[in-house]
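Listing of query_11.txt, compact mmCIF, C-alpha atoms
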```txt
# COMPACT_ATOMS: atom_id res chain seq x y z
CA MET G 891 51.50 98.14 118.76
CA ARG G 892 53.96 99.23 116.09
CA ARG G 893 55.54 96.54 113.95
CA PHE G 894 59.12 97.11 112.77
CA VAL G 895 58.60 96.07 109.15
CA VAL G 896 62.14 96.86 108.00
CA LEU G 897 63.72 94.85 110.80
CA ASP G 898 61.42 91.97 109.87
CA GLY G 899 62.73 92.15 106.32
CA PHE G 900 66.29 92.22 107.61
CA ARG G 901 65.53 89.12 109.68
CA GLY G 902 64.22 87.36 106.58
CA ILE G 903 67.45 88.02 104.72
CA CYS G 904 69.44 86.74 107.69
CA ALA G 905 67.34 83.55 107.77
CA VAL G 906 68.17 82.88 104.12
CA ALA G 907 71.86 83.49 104.85
CA VAL G 908 71.73 80.92 107.67
CA VAL G 909 70.20 78.41 105.24
CA LEU G 910 73.14 78.97 102.91
CA PHE G 911 75.56 78.59 105.82
CA HIS G 912 74.15 75.11 106.47
CA THR G 913 73.99 74.20 102.77
CA GLN G 914 76.55 71.56 101.82
CA ILE G 915 76.94 71.82 98.05
CA LEU G 916 80.62 71.89 97.24
CA LEU G 917 81.00 74.25 94.27
CA SER G 918 78.03 76.55 94.84
CA PHE G 919 77.87 80.19 95.87
CA SER G 920 76.97 79.00 99.39
CA GLU G 921 80.70 78.39 99.87
CA LEU G 922 81.53 82.10 99.57
CA THR G 923 83.27 83.54 102.64
CA PHE G 924 80.25 85.65 103.58
CA PHE G 925 77.98 82.63 103.84
CA ARG G 926 80.64 80.53 105.61
CA HIS G 927 80.29 82.95 108.54
CA ALA G 928 76.54 83.56 108.25
CA ASP G 929 75.94 81.56 111.44
CA LEU G 930 76.68 84.87 113.17
CA PHE G 931 73.28 86.10 112.01
CA VAL G 932 71.84 84.03 114.86
CA GLU G 933 73.24 86.81 117.05
CA PHE G 934 71.08 89.23 115.09
CA PHE G 935 68.02 87.09 115.83
CA PHE G 936 68.75 87.27 119.56
CA VAL G 937 69.34 91.04 119.47
CA LEU G 938 66.13 91.62 117.54
CA SER G 939 64.16 89.34 119.90
CA GLY G 940 65.33 91.31 122.92
CA PHE G 941 64.51 94.58 121.15
CA VAL G 942 61.00 93.48 120.13
CA MET G 943 60.17 91.85 123.48
CA TYR G 944 61.08 95.00 125.36
CA HIS G 945 59.08 97.07 122.88
CA ALA G 946 56.04 94.86 123.50
CA TYR G 947 56.27 94.45 127.28
CA GLY G 948 58.98 96.63 128.78
CA THR G 949 57.20 99.96 128.65
CA ARG G 950 53.89 99.03 130.31
CA LEU G 951 52.65 97.65 133.62
CA PHE G 952 53.67 94.01 133.85
CA ASP G 953 51.46 92.26 136.38
CA ALA G 954 50.35 88.66 136.91
CA GLU G 955 47.70 88.88 134.19
CA VAL G 956 50.18 90.24 131.66
CA LEU G 957 52.57 87.46 132.67
CA ARG G 958 49.87 84.88 131.95
CA ARG G 959 49.23 86.34 128.50
CA PHE G 960 52.95 86.63 127.86
CA LEU G 961 53.63 82.97 128.68
CA ILE G 962 50.75 81.73 126.56
CA SER G 963 51.55 83.87 123.54
CA ARG G 964 55.28 83.09 123.58
CA THR G 965 54.69 79.36 124.07
CA PHE G 966 52.17 79.10 121.24
CA ARG G 967 54.41 81.24 119.03
CA LEU G 968 57.42 78.90 119.30
CA TYR G 969 56.25 75.48 120.41
CA PRO G 970 53.89 74.23 117.66
CA LEU G 971 56.42 74.43 114.83
CA HIS G 972 59.26 73.29 117.08
CA LEU G 973 57.38 70.14 118.13
CA VAL G 974 56.30 69.37 114.57
CA MET G 975 59.88 69.64 113.35
CA LEU G 976 61.10 67.44 116.21
CA LEU G 977 58.61 64.79 115.07
CA VAL G 978 59.82 65.24 111.48
CA PHE G 979 63.41 64.60 112.53
CA ILE G 980 62.41 61.53 114.53
CA GLY G 981 60.64 60.31 111.39
CA LEU G 982 63.77 61.00 109.33
CA GLU G 983 65.76 58.85 111.74
CA PHE G 984 63.34 55.98 111.17
CA GLY G 985 63.81 56.53 107.45
CA LYS G 986 67.56 56.44 107.91
CA LEU G 987 67.22 53.21 109.90
CA TRP G 988 65.23 51.64 107.05
CA ALA G 989 67.80 52.81 104.49
CA GLU G 990 70.68 51.36 106.53
CA HIS G 991 68.97 47.96 106.46
CA HIS G 992 68.93 48.23 102.67
CA GLY G 993 72.65 48.94 102.25
CA PHE G 994 72.83 52.74 102.46
CA ALA G 995 75.49 54.44 104.60
CA PHE G 996 75.26 57.79 106.38
CA ASN G 997 77.71 59.88 108.39
CA ASP G 998 76.17 58.65 111.66
CA PRO G 999 73.98 55.58 112.32
CA ALA G 1000 70.29 56.19 112.98
CA PHE G 1001 69.33 57.13 116.55
CA SER G 1002 72.93 57.59 117.66
CA GLY G 1003 74.99 60.52 118.85
CA LYS G 1004 73.03 63.74 118.61
CA THR G 1005 69.90 61.85 117.52
CA ALA G 1006 69.98 59.31 120.36
CA PRO G 1007 66.59 58.55 121.96
CA SER G 1008 67.81 60.16 125.21
CA GLU G 1009 67.89 63.54 123.40
CA ILE G 1010 64.17 63.51 122.58
CA LEU G 1011 62.74 64.64 125.94
CA PRO G 1012 65.09 67.61 126.48
CA ASN G 1013 64.32 68.73 122.92
CA ALA G 1014 60.59 68.46 123.57
CA LEU G 1015 61.02 70.66 126.66
CA LEU G 1016 63.44 73.05 124.87
CA LEU G 1017 66.08 72.28 127.49
CA GLN G 1018 68.76 70.83 125.18
CA SER G 1019 70.85 74.02 125.24
CA TRP G 1020 70.58 74.53 129.00
CA ILE G 1021 71.50 71.13 130.47
CA GLY G 1022 75.14 70.17 130.12
CA ASP G 1023 74.61 66.43 129.68
CA PHE G 1024 72.62 66.88 126.47
CA ASN G 1025 73.68 67.86 122.97
CA SER G 1026 72.56 71.41 122.15
CA LEU G 1027 72.61 70.58 118.43
CA SER G 1028 70.59 67.38 118.70
CA PHE G 1029 67.87 66.55 116.15
CA ASN G 1030 66.84 69.87 114.57
CA THR G 1031 70.15 71.71 114.94
CA PRO G 1032 68.83 75.32 114.62
CA ALA G 1033 66.45 74.68 117.53
CA TRP G 1034 69.37 75.25 119.93
CA SER G 1035 68.71 78.99 119.71
CA ILE G 1036 64.96 78.55 120.22
CA SER G 1037 65.81 76.62 123.40
CA ILE G 1038 67.88 79.55 124.65
CA GLU G 1039 65.42 82.19 123.51
CA TYR G 1040 62.35 80.62 125.14
CA TYR G 1041 63.82 80.65 128.62
CA LEU G 1042 65.36 84.10 128.11
CA TYR G 1043 61.78 85.26 127.53
CA LEU G 1044 60.91 83.87 130.94
CA LEU G 1045 63.89 85.58 132.59
CA LEU G 1046 62.92 88.93 131.08
CA ALA G 1047 59.32 88.43 132.23
CA LEU G 1048 60.53 87.67 135.75
CA VAL G 1049 62.57 90.88 135.87
CA LEU G 1050 59.65 92.96 134.56
CA LEU G 1051 57.32 91.39 137.12
CA VAL G 1052 59.54 91.44 140.22
CA ALA G 1053 61.84 94.43 139.74
CA PRO G 1054 60.49 96.76 137.04
CA ARG G 1055 62.13 99.83 138.61
CA TYR G 1056 65.55 98.23 138.35
CA CYS G 1057 65.06 96.66 134.95
CA GLY G 1058 67.65 98.89 133.22
CA PRO G 1059 70.52 98.16 135.65
CA ILE G 1060 69.66 94.44 135.72
CA LEU G 1061 69.68 94.23 131.92
CA ALA G 1062 72.97 96.15 131.76
CA LEU G 1063 74.56 93.86 134.34
CA ALA G 1064 73.31 90.71 132.59
CA THR G 1065 74.65 91.99 129.25
CA LEU G 1066 78.03 92.89 130.71
CA VAL G 1067 78.42 89.57 132.52
CA SER G 1068 77.42 87.58 129.44
CA PHE G 1069 79.75 89.40 127.06
CA SER G 1070 82.58 89.16 129.61
CA ALA G 1071 82.01 85.41 129.95
CA LEU G 1072 82.18 85.05 126.16
CA TYR G 1073 85.36 87.11 126.03
CA VAL G 1074 87.20 85.02 128.63
CA GLU G 1075 85.55 81.80 127.40
CA LEU G 1076 84.05 81.03 130.80
CA ASP G 1077 82.66 77.50 130.62
CA VAL G 1078 80.76 77.19 133.89
CA ILE G 1079 77.65 76.93 131.74
CA LYS G 1080 77.21 76.19 128.05
CA PRO G 1081 78.69 78.90 125.77
CA PHE G 1082 75.39 78.90 123.86
CA ILE G 1083 73.75 80.44 126.94
CA TRP G 1084 76.25 83.30 127.12
CA ARG G 1085 75.90 83.78 123.37
CA GLY G 1086 72.12 84.11 123.54
CA ALA G 1087 71.90 86.06 126.79
CA SER G 1088 74.47 88.67 125.77
CA CYS G 1089 72.62 89.49 122.54
CA PHE G 1090 69.08 89.22 123.92
CA PHE G 1091 69.65 91.54 126.85
CA ALA G 1092 71.74 93.88 124.69
CA GLY G 1093 68.77 94.01 122.32
CA ALA G 1094 66.48 95.02 125.19
CA LEU G 1095 68.94 97.78 126.15
CA THR G 1096 69.05 98.86 122.51
CA TYR G 1097 65.30 99.42 122.62
CA ARG G 1098 65.66 101.60 125.72
CA LEU G 1099 68.28 103.65 123.87
CA TYR G 1100 66.02 103.83 120.82
CA ARG G 1101 63.16 105.21 122.93
CA ALA G 1102 65.47 107.83 124.43
CA LEU G 1103 66.79 108.95 121.02
CA GLU G 1104 63.53 108.69 119.07
CA PRO G 1105 62.17 112.23 119.78
CA ALA G 1106 65.41 113.87 118.64
CA LEU G 1107 65.71 111.66 115.57
CA GLN G 1108 62.11 112.40 114.57
CA ARG G 1109 63.00 116.07 114.37
CA LEU G 1110 65.93 115.31 112.06
CA ASP G 1111 64.51 115.29 108.52
CA ASP G 1112 67.52 114.25 106.45
CA ARG G 1113 66.92 111.21 104.24
CA LEU G 1114 70.45 111.36 102.82
CA PHE G 1115 71.96 111.16 106.33
CA PHE G 1116 69.89 108.12 107.29
CA SER G 1117 70.54 106.46 103.93
CA ALA G 1118 74.28 106.89 104.46
CA LEU G 1119 73.99 105.42 107.96
CA GLU G 1120 72.10 102.39 106.63
CA VAL G 1121 74.57 101.76 103.80
CA LEU G 1122 77.44 102.06 106.28
CA CYS G 1123 75.77 99.46 108.53
CA VAL G 1124 75.37 97.03 105.63
CA LEU G 1125 79.00 97.48 104.62
CA LEU G 1126 80.19 96.95 108.19
CA VAL G 1127 78.13 93.75 108.47
CA TYR G 1128 79.68 92.47 105.24
CA ARG G 1129 83.18 93.42 106.42
CA THR G 1130 82.67 91.76 109.82
CA LEU G 1131 81.49 88.49 108.33
CA THR G 1132 84.11 88.28 105.58
CA HIS G 1133 87.16 89.21 107.69
CA PRO G 1134 87.39 86.85 110.68
CA THR G 1135 88.96 88.41 113.76
CA ALA G 1136 89.44 87.54 117.40
CA HIS G 1137 86.10 87.55 119.24
CA GLN G 1138 84.24 87.94 115.96
CA GLY G 1139 80.97 86.92 117.59
CA ILE G 1140 81.16 89.72 120.17
CA VAL G 1141 82.04 92.29 117.50
CA ALA G 1142 79.13 91.11 115.33
CA SER G 1143 76.73 91.19 118.28
CA LEU G 1144 77.56 94.79 119.16
CA LEU G 1145 77.36 95.76 115.49
CA PHE G 1146 73.91 94.17 115.23
CA CYS G 1147 72.74 96.34 118.13
CA VAL G 1148 73.76 99.38 116.07
CA VAL G 1149 72.08 97.92 112.98
CA VAL G 1150 68.81 97.40 114.86
CA LEU G 1151 69.00 100.92 116.30
CA VAL G 1152 69.57 102.48 112.86
CA PHE G 1153 67.01 100.43 110.91
CA ALA G 1154 64.31 100.74 113.58
CA GLY G 1155 63.86 104.33 112.38
CA GLU G 1156 63.07 103.16 108.82
CA ARG G 1157 64.23 106.50 107.42
CA GLY G 1158 66.77 105.68 104.69
CA ALA G 1159 66.92 104.28 101.16
CA VAL G 1160 67.84 100.76 102.32
CA SER G 1161 64.80 100.77 104.59
CA ALA G 1162 62.63 101.73 101.62
CA LEU G 1163 64.02 98.71 99.77
CA LEU G 1164 63.39 96.37 102.72
CA ARG G 1165 59.74 97.47 102.82
CA ARG G 1166 59.23 95.85 99.39
CA GLN G 1167 56.92 92.84 99.28
CA LEU G 1168 59.70 90.30 98.71
CA PHE G 1169 61.48 91.25 101.91
CA THR G 1170 58.35 91.64 104.01
CA ARG G 1171 57.35 88.15 102.88
CA LEU G 1172 60.77 86.78 103.85
CA GLY G 1173 60.30 88.43 107.24
CA GLU G 1174 56.96 86.69 107.70
CA LEU G 1175 58.46 83.32 106.78
CA SER G 1176 61.74 83.80 108.66
CA PHE G 1177 60.86 81.62 111.67
CA SER G 1178 59.63 78.80 109.45
CA ILE G 1179 62.66 79.15 107.19
CA TYR G 1180 64.93 78.92 110.20
CA LEU G 1181 63.27 75.90 111.80
CA THR G 1182 62.51 73.84 108.66
CA HIS G 1183 65.62 74.31 106.52
CA ALA G 1184 67.76 71.68 108.27
CA ALA G 1185 65.19 68.98 107.45
CA VAL G 1186 65.06 70.08 103.80
CA ILE G 1187 68.86 70.02 103.58
CA PHE G 1188 68.95 66.57 105.19
CA ALA G 1189 66.39 65.29 102.68
CA PHE G 1190 68.32 66.91 99.83
CA THR G 1191 71.60 65.30 100.87
CA SER G 1192 69.92 61.94 101.47
CA ALA G 1193 68.47 62.07 97.96
CA ALA G 1194 71.99 62.54 96.60
CA VAL G 1195 73.17 59.50 98.59
CA VAL G 1196 70.33 57.38 97.21
CA LEU G 1197 70.96 58.62 93.66
CA SER G 1198 74.64 57.73 94.00
CA LYS G 1199 73.72 54.22 95.17
CA VAL G 1200 71.19 53.66 92.38
CA THR G 1201 73.26 55.04 89.49
CA GLY G 1202 76.70 53.92 90.65
CA THR G 1203 77.99 57.49 90.20
CA SER G 1204 79.08 59.39 93.30
CA TYR G 1205 77.24 62.67 93.79
CA THR G 1206 78.55 63.25 97.30
CA VAL G 1207 81.99 63.71 98.82
CA ILE G 1208 83.04 63.50 102.49
CA LEU G 1209 85.43 66.22 103.67
CA ASP G 1210 86.79 67.45 106.98
CA LYS G 1211 84.89 70.39 108.42
CA PRO G 1212 87.33 73.35 108.58
CA GLY G 1213 88.60 74.05 112.09
CA THR G 1214 87.09 70.92 113.61
CA GLU G 1215 87.59 67.18 113.75
CA GLN G 1216 84.14 66.58 112.24
CA ILE G 1217 83.47 65.29 108.76
CA MET G 1218 80.77 66.60 106.45
CA ARG G 1219 79.06 65.11 103.43
CA TYR G 1220 78.84 67.56 100.53
CA ILE G 1221 76.76 67.25 97.39
CA SER G 1222 78.97 67.69 94.33
CA SER G 1223 78.13 67.39 90.65
CA GLY G 1224 81.64 68.42 89.67
CA ASN G 1225 80.29 71.51 87.88
CA TRP G 1226 79.83 74.87 89.58
CA ILE G 1227 76.87 75.85 87.38
CA VAL G 1228 75.00 72.67 88.27
CA ASP G 1229 75.89 73.11 91.95
CA ASP G 1230 74.57 76.68 91.88
CA LEU G 1231 71.33 75.47 90.30
CA LEU G 1232 71.04 72.76 92.95
CA THR G 1233 71.46 75.41 95.65
CA LEU G 1234 68.70 77.52 94.11
CA LEU G 1235 66.49 74.42 93.95
CA GLU G 1236 67.20 73.71 97.63
CA LEU G 1237 66.28 77.31 98.53
CA ALA G 1238 63.06 77.00 96.52
CA MET G 1239 62.20 73.84 98.47
CA VAL G 1240 62.90 75.61 101.76
CA PHE G 1241 60.61 78.50 100.75
CA ALA G 1242 57.86 76.09 99.69
CA VAL G 1243 58.01 74.10 102.91
CA SER G 1244 58.22 77.29 104.99
CA THR G 1245 55.16 78.76 103.29
CA LEU G 1246 53.25 75.58 104.13
CA THR G 1247 54.35 75.48 107.77
CA TYR G 1248 53.76 79.21 108.21
CA HIS G 1249 50.12 78.96 107.16
CA CYS G 1250 49.31 75.52 108.56
CA ILE G 1251 51.28 75.54 111.81
CA GLU G 1252 52.63 78.97 112.80
CA LEU G 1253 49.45 80.97 112.21
CA LYS G 1254 47.27 78.31 113.80
CA GLY G 1255 49.54 78.23 116.86
CA ILE G 1256 49.33 82.01 117.15
CA GLU G 1257 45.53 81.85 116.87
CA TRP G 1258 45.31 79.14 119.54
CA GLY G 1259 47.45 81.27 121.82
CA ARG G 1260 45.18 84.27 121.30
CA ARG G 1261 42.13 82.16 122.06
CA LEU G 1262 43.66 80.93 125.30
CA VAL G 1263 44.61 84.48 126.27
CA ARG G 1264 40.95 85.47 125.78
CA ASN G 1265 39.80 82.28 127.58
CA GLU G 1266 38.04 81.10 124.44
CA PRO G 1267 37.76 77.39 123.54
CA LEU G 1268 40.36 76.12 121.09
CA GLY G 1269 39.04 75.24 117.69
CA LEU G 1270 40.28 74.57 114.20
CA SER G 1271 38.85 77.81 112.87
CA ARG G 1272 40.24 79.34 109.74
CA VAL G 1273 43.24 81.60 110.27
```
Since I need it in another form, could you write the structure as structure tokens?
Amino acid sequence: MRRFVVLDGFRGICAVAVVLFHTQILLSFSELTFFRHADLFVEFFFVLSGFVMYHAYGTRLFDAEVLRRFLISRTFRLYPLHLVMLLVFIGLEFGKLWAEHHGFAFNDPAFSGKTAPSEILPNALLLQSWIGDFNSLSFNTPAWSISIEYYLYLLLALVLLVAPRYCGPILALATLVSFSALYVELDVIKPFIWRGASCFFAGALTYRLYRALEPALQRLDDRLFFSALEVLCVLLVYRTLTHPTAHQGIVASLLFCVVVLVFAGERGAVSALLRRQLFTRLGELSFSIYLTHAAVIFAFTSAAVVLSKVTGTSYTVILDKPGTEQIMRYISSGNWIVDDLLTLLELAMVFAVSTLTYHCIELKGIEWGRRLVRNEPLGLSRV
């Protein structure tokens, strides 16, 4: 099965942008307008997931045996790292509890609010974003989208199994309903569900459009044309994220469908750049980067709190989060050069941790899934 290498590289860049969105270092480049709206790249993740899932399963016979393999492979692709990171965050809460008993203060007490013990089970079952009584952003905040994505996989599989002939109209209807619900801010279910479903199903439709256009595009041998299209897409993404408008999320989602459609062809100069080793490596690590970065940032901020306590010099500042009633603790050295260097150090730590989790957890989970699909015994064989 073909792998969309360029889109993987694009996903890696988006994962890094999301890390910078969550970074809380006051005078660093992470505070640039582009990165302050980089949470919208989660929409890109959903669009790309829908596109890739339909590429893998939407164009072949989907029977009970394929459903079995689908469920196993998707579960072992997402769950191992998710569960490990949930355990890491529970461990961090115990660390916070110990620190509180030794005079340290944090924004929220240990095991309270979004890290209350009652949030553990729904997180373990990836239901935190689906059940209204639970906090979607509990424990490992980025996992909210994994919660949505996992069960969207199951919905797509159900459609492919039960009504394959009507898959196109069903996907179109689901996309239209979800985008409409976002537009009118319909709150009968969590907005996170509309946000994920609209992009995921739109991504699946984008793949159907890509398949329809692919023969004609293959006959068009014009590198300059495709390069111009790719540059235009990049500029439009930058413009969308740096100029907030009404329904910015919907606009970004539709734009990302176009981006995926254009870059799936891998025909332009930007695509050639994204095939370089740096970007392909970021694409490989993107899931680990996304799921581990919140823990690294928490540890980074906690280290600043401890350093402030030990030295008597404040290296953090508490500010209101723009547009909300929440408060946020920022690291601040008082010097933008130092803050930029701290941000680069934080990114380096994220990459190091992600490399470790990719090789030790992600790849092993994928291997275990493949063994189960082939009905082989699980073992700790080398990946």
> Near range 1032-1049 of chain G, counting all atoms listed in the file, which residues have an atom at most 7 Å away, once you skip same-chain residues fewer than 4 positions from it, shown as a list of chain:residue names?
Replying inline: G:Leu957, G:Leu1016, G:Leu1017, G:Gln1018, G:Ser1019, G:Ser1026, G:Leu1027, G:Ala1053, G:Pro1054, G:Cys1057, G:Ile1083, G:Gly1086, G:Ala1087, G:Tyr1180, G:Leu1181
Same residues, C-alpha atoms, saved as a short mmCIF file (atom, residue, chain, number, x, y, z; two decimals), keeping the file's coordinate frame:
```cif
data_model
loop_
_atom_site.label_atom_id
_atom_site.label_comp_id
_atom_site.auth_asym_id
_atom_site.auth_seq_id
_atom_site.Cartn_x
_atom_site.Cartn_y
_atom_site.Cartn_z
CA LEU G 957 52.57 87.46 132.67
CA LEU G 1016 63.44 73.05 124.87
CA LEU G 1017 66.08 72.28 127.49
CA GLN G 1018 68.76 70.83 125.18
CA SER G 1019 70.85 74.02 125.24
CA SER G 1026 72.56 71.41 122.15
CA LEU G 1027 72.61 70.58 118.43
CA ALA G 1053 61.84 94.43 139.74
CA PRO G 1054 60.49 96.76 137.04
CA CYS G 1057 65.06 96.66 134.95
CA ILE G 1083 73.75 80.44 126.94
CA GLY G 1086 72.12 84.11 123.54
CA ALA G 1087 71.90 86.06 126.79
CA TYR G 1180 64.93 78.92 110.20
CA LEU G 1181 63.27 75.90 111.80
#
```
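Here CA of Phe1146 in chain G stands at a distance of 28.1 Å from CA of Thr1247 in chain G.
CA of Asn1025 in chain G is found 26.4 Å from CA of Val1141 in chain G.
The space between CA of Ala1159 in chain G and CA of Ser1117 in chain G spans 5.1 Å.
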> Between G:Thr1096, G:Thr1201, G:Thr923, G:Ser1068, which is the closest to Ile1140 in chain G once you count all atoms listed in the file?
Replying inline: G:Ser1068
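Among the candidates G:Thr1245, G:Thr1233, G:Ser1028, G:Thr1130, the one nearest to Glu921 in chain G when counting all atoms listed in the file is G:Thr1233.
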Closest-contact table, range 1086-1149 of chain G side, partner range 931-945 of chain G, 12 Å, counting only C-alpha atoms, as a Markdown table:
```
| residue | atom | partner | partner_atom | distance |
| --- | --- | --- | --- | --- |
| G:Gly1086 | CA | G:Phe936 | CA | 6.1 |
| G:Ala1087 | CA | G:Phe936 | CA | 8.0 |
| G:Ser1088 | CA | G:Val937 | CA | 8.5 |
| G:Cys1089 | CA | G:Val937 | CA | 4.8 |
| G:Phe1090 | CA | G:Gly940 | CA | 4.4 |
| G:Phe1091 | CA | G:Gly940 | CA | 5.8 |
| G:Ala1092 | CA | G:Val937 | CA | 6.4 |
| G:Gly1093 | CA | G:Val937 | CA | 4.2 |
| G:Ala1094 | CA | G:Gly940 | CA | 4.5 |
| G:Leu1095 | CA | G:Phe941 | CA | 7.4 |
| G:Thr1096 | CA | G:Phe941 | CA | 6.4 |
| G:Tyr1097 | CA | G:Phe941 | CA | 5.1 |
| G:Arg1098 | CA | G:Tyr944 | CA | 8.0 |
| G:Leu1099 | CA | G:Phe941 | CA | 10.2 |
| G:Tyr1100 | CA | G:Phe941 | CA | 9.4 |
| G:Arg1101 | CA | G:His945 | CA | 9.1 |
| G:Val1127 | CA | G:Phe931 | CA | 9.7 |
| G:Tyr1128 | CA | G:Phe931 | CA | 11.3 |
| G:Thr1130 | CA | G:Phe931 | CA | 11.2 |
| G:Leu1131 | CA | G:Phe931 | CA | 9.3 |
| G:Gln1138 | CA | G:Glu933 | CA | 11.1 |
| G:Gly1139 | CA | G:Glu933 | CA | 7.7 |
| G:Ile1140 | CA | G:Glu933 | CA | 9.0 |
| G:Val1141 | CA | G:Glu933 | CA | 10.4 |
| G:Ala1142 | CA | G:Glu933 | CA | 7.5 |
| G:Ser1143 | CA | G:Glu933 | CA | 5.7 |
| G:Leu1144 | CA | G:Val937 | CA | 9.0 |
| G:Leu1145 | CA | G:Phe934 | CA | 9.1 |
| G:Phe1146 | CA | G:Phe934 | CA | 5.7 |
| G:Cys1147 | CA | G:Val937 | CA | 6.4 |
| G:Val1148 | CA | G:Val937 | CA | 10.0 |
| G:Val1149 | CA | G:Phe934 | CA | 9.0 |
```
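The nearest approach to Phe1153 in chain G among the residues G:Val908, G:Cys1123, G:Val1243, G:Leu1168, with all atoms listed in the file taken into account, belongs to G:Cys1123.
Here the question is which of G:Ala1014, G:Ala1136, G:Asn1030, G:Leu1172 gets nearest to Leu1072 in chain G using all atoms listed in the file, and that residue is G:Ala1136.
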Counting only C-alpha atoms, what are the residues of range 910-1014 of chain G within 12 Å of range 1251-1255 of chain G, and for each of them which pair of atoms is the nearest and at what distance in Å, to one decimal? Sort the table by chain and rising number, as a Markdown table.
```
| residue | atom | partner | partner_atom | distance |
| --- | --- | --- | --- | --- |
| G:Ile962 | CA | G:Gly1255 | CA | 10.4 |
| G:Ser963 | CA | G:Gly1255 | CA | 9.0 |
| G:Arg964 | CA | G:Gly1255 | CA | 10.1 |
| G:Thr965 | CA | G:Gly1255 | CA | 8.9 |
| G:Phe966 | CA | G:Gly1255 | CA | 5.2 |
| G:Arg967 | CA | G:Gly1255 | CA | 6.1 |
| G:Leu968 | CA | G:Glu1252 | CA | 8.1 |
| G:Tyr969 | CA | G:Gly1255 | CA | 8.1 |
| G:Pro970 | CA | G:Gly1255 | CA | 6.0 |
| G:Leu971 | CA | G:Ile1251 | CA | 6.1 |
| G:His972 | CA | G:Glu1252 | CA | 9.7 |
| G:Leu973 | CA | G:Ile1251 | CA | 10.3 |
| G:Val974 | CA | G:Ile1251 | CA | 8.4 |
| G:Met975 | CA | G:Ile1251 | CA | 10.5 |
```
Take the point (71.9, 56.6, 119.6) as written in the file and pick out every residue within 12 Å of it, counting only C-alpha atoms; give the list as a PDB file with C-alpha atoms, keeping the file's coordinate frame.
```pdb
ATOM      1  CA  ILE G 980      62.410  61.530 114.530  1.00  0.00           C
ATOM      2  CA  GLU G 983      65.760  58.850 111.740  1.00  0.00           C
ATOM      3  CA  LEU G 987      67.220  53.210 109.900  1.00  0.00           C
ATOM      4  CA  ASP G 998      76.170  58.650 111.660  1.00  0.00           C
ATOM      5  CA  PRO G 999      73.980  55.580 112.320  1.00  0.00           C
ATOM      6  CA  ALA G1000      70.290  56.190 112.980  1.00  0.00           C
ATOM      7  CA  PHE G1001      69.330  57.130 116.550  1.00  0.00           C
ATOM      8  CA  SER G1002      72.930  57.590 117.660  1.00  0.00           C
ATOM      9  CA  GLY G1003      74.990  60.520 118.850  1.00  0.00           C
ATOM     10  CA  LYS G1004      73.030  63.740 118.610  1.00  0.00           C
ATOM     11  CA  THR G1005      69.900  61.850 117.520  1.00  0.00           C
ATOM     12  CA  ALA G1006      69.980  59.310 120.360  1.00  0.00           C
ATOM     13  CA  PRO G1007      66.590  58.550 121.960  1.00  0.00           C
ATOM     14  CA  SER G1008      67.810  60.160 125.210  1.00  0.00           C
ATOM     15  CA  GLU G1009      67.890  63.540 123.400  1.00  0.00           C
ATOM     16  CA  ILE G1010      64.170  63.510 122.580  1.00  0.00           C
ATOM     17  CA  ASN G1025      73.680  67.860 122.970  1.00  0.00           C
ATOM     18  CA  SER G1028      70.590  67.380 118.700  1.00  0.00           C
ATOM     19  CA  PHE G1029      67.870  66.550 116.150  1.00  0.00           C
TER      20      PHE G1029
END
```
Do a neighbour search on Ile1179 in chain G at 9 Å with only C-alpha atoms, toss out local chain neighbours closer than 3 positions, and write the hits as an mmCIF file with C-alpha atoms, keeping the file's coordinate frame.
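The result, written out as selection_16.cif:
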```cif
data_model
loop_
_atom_site.group_PDB
_atom_site.id
_atom_site.type_symbol
_atom_site.label_atom_id
_atom_site.label_comp_id
_atom_site.auth_asym_id
_atom_site.auth_seq_id
_atom_site.Cartn_x
_atom_site.Cartn_y
_atom_site.Cartn_z
ATOM 1 C CA GLY G 902 64.220 87.360 106.580
ATOM 2 C CA ALA G 905 67.340 83.550 107.770
ATOM 3 C CA VAL G 906 68.170 82.880 104.120
ATOM 4 C CA VAL G 909 70.200 78.410 105.240
ATOM 5 C CA LEU G 1172 60.770 86.780 103.850
ATOM 6 C CA LEU G 1175 58.460 83.320 106.780
ATOM 7 C CA SER G 1176 61.740 83.800 108.660
ATOM 8 C CA THR G 1182 62.510 73.840 108.660
ATOM 9 C CA HIS G 1183 65.620 74.310 106.520
ATOM 10 C CA VAL G 1240 62.900 75.610 101.760
ATOM 11 C CA PHE G 1241 60.610 78.500 100.750
ATOM 12 C CA VAL G 1243 58.010 74.100 102.910
ATOM 13 C CA SER G 1244 58.220 77.290 104.990
ATOM 14 C CA THR G 1245 55.160 78.760 103.290
ATOM 15 C CA TYR G 1248 53.760 79.210 108.210
#
```
>> Taking all atoms listed in the file into account, name the residue in G:Leu982, G:Ala1193, G:Val1200, G:Leu961 that is nearest to Arg1260 in chain G.
In response: G:Leu961
>> What's around Gln914 in chain G at 9 Å? Count all atoms listed in the file, leave out sequence neighbours fewer than 5 positions away in its own chain, and write the answer as an MDAnalysis selection string.
In response: chainID G and resid 920:921 1187 1191 1218:1222 1233
> Restricting the calculation to all atoms listed in the file, which member of G:Ala1118, G:Val1152, G:Val1196, G:Ala1242 is positioned closest to Ser1178 in chain G?
Replying inline: G:Ala1242
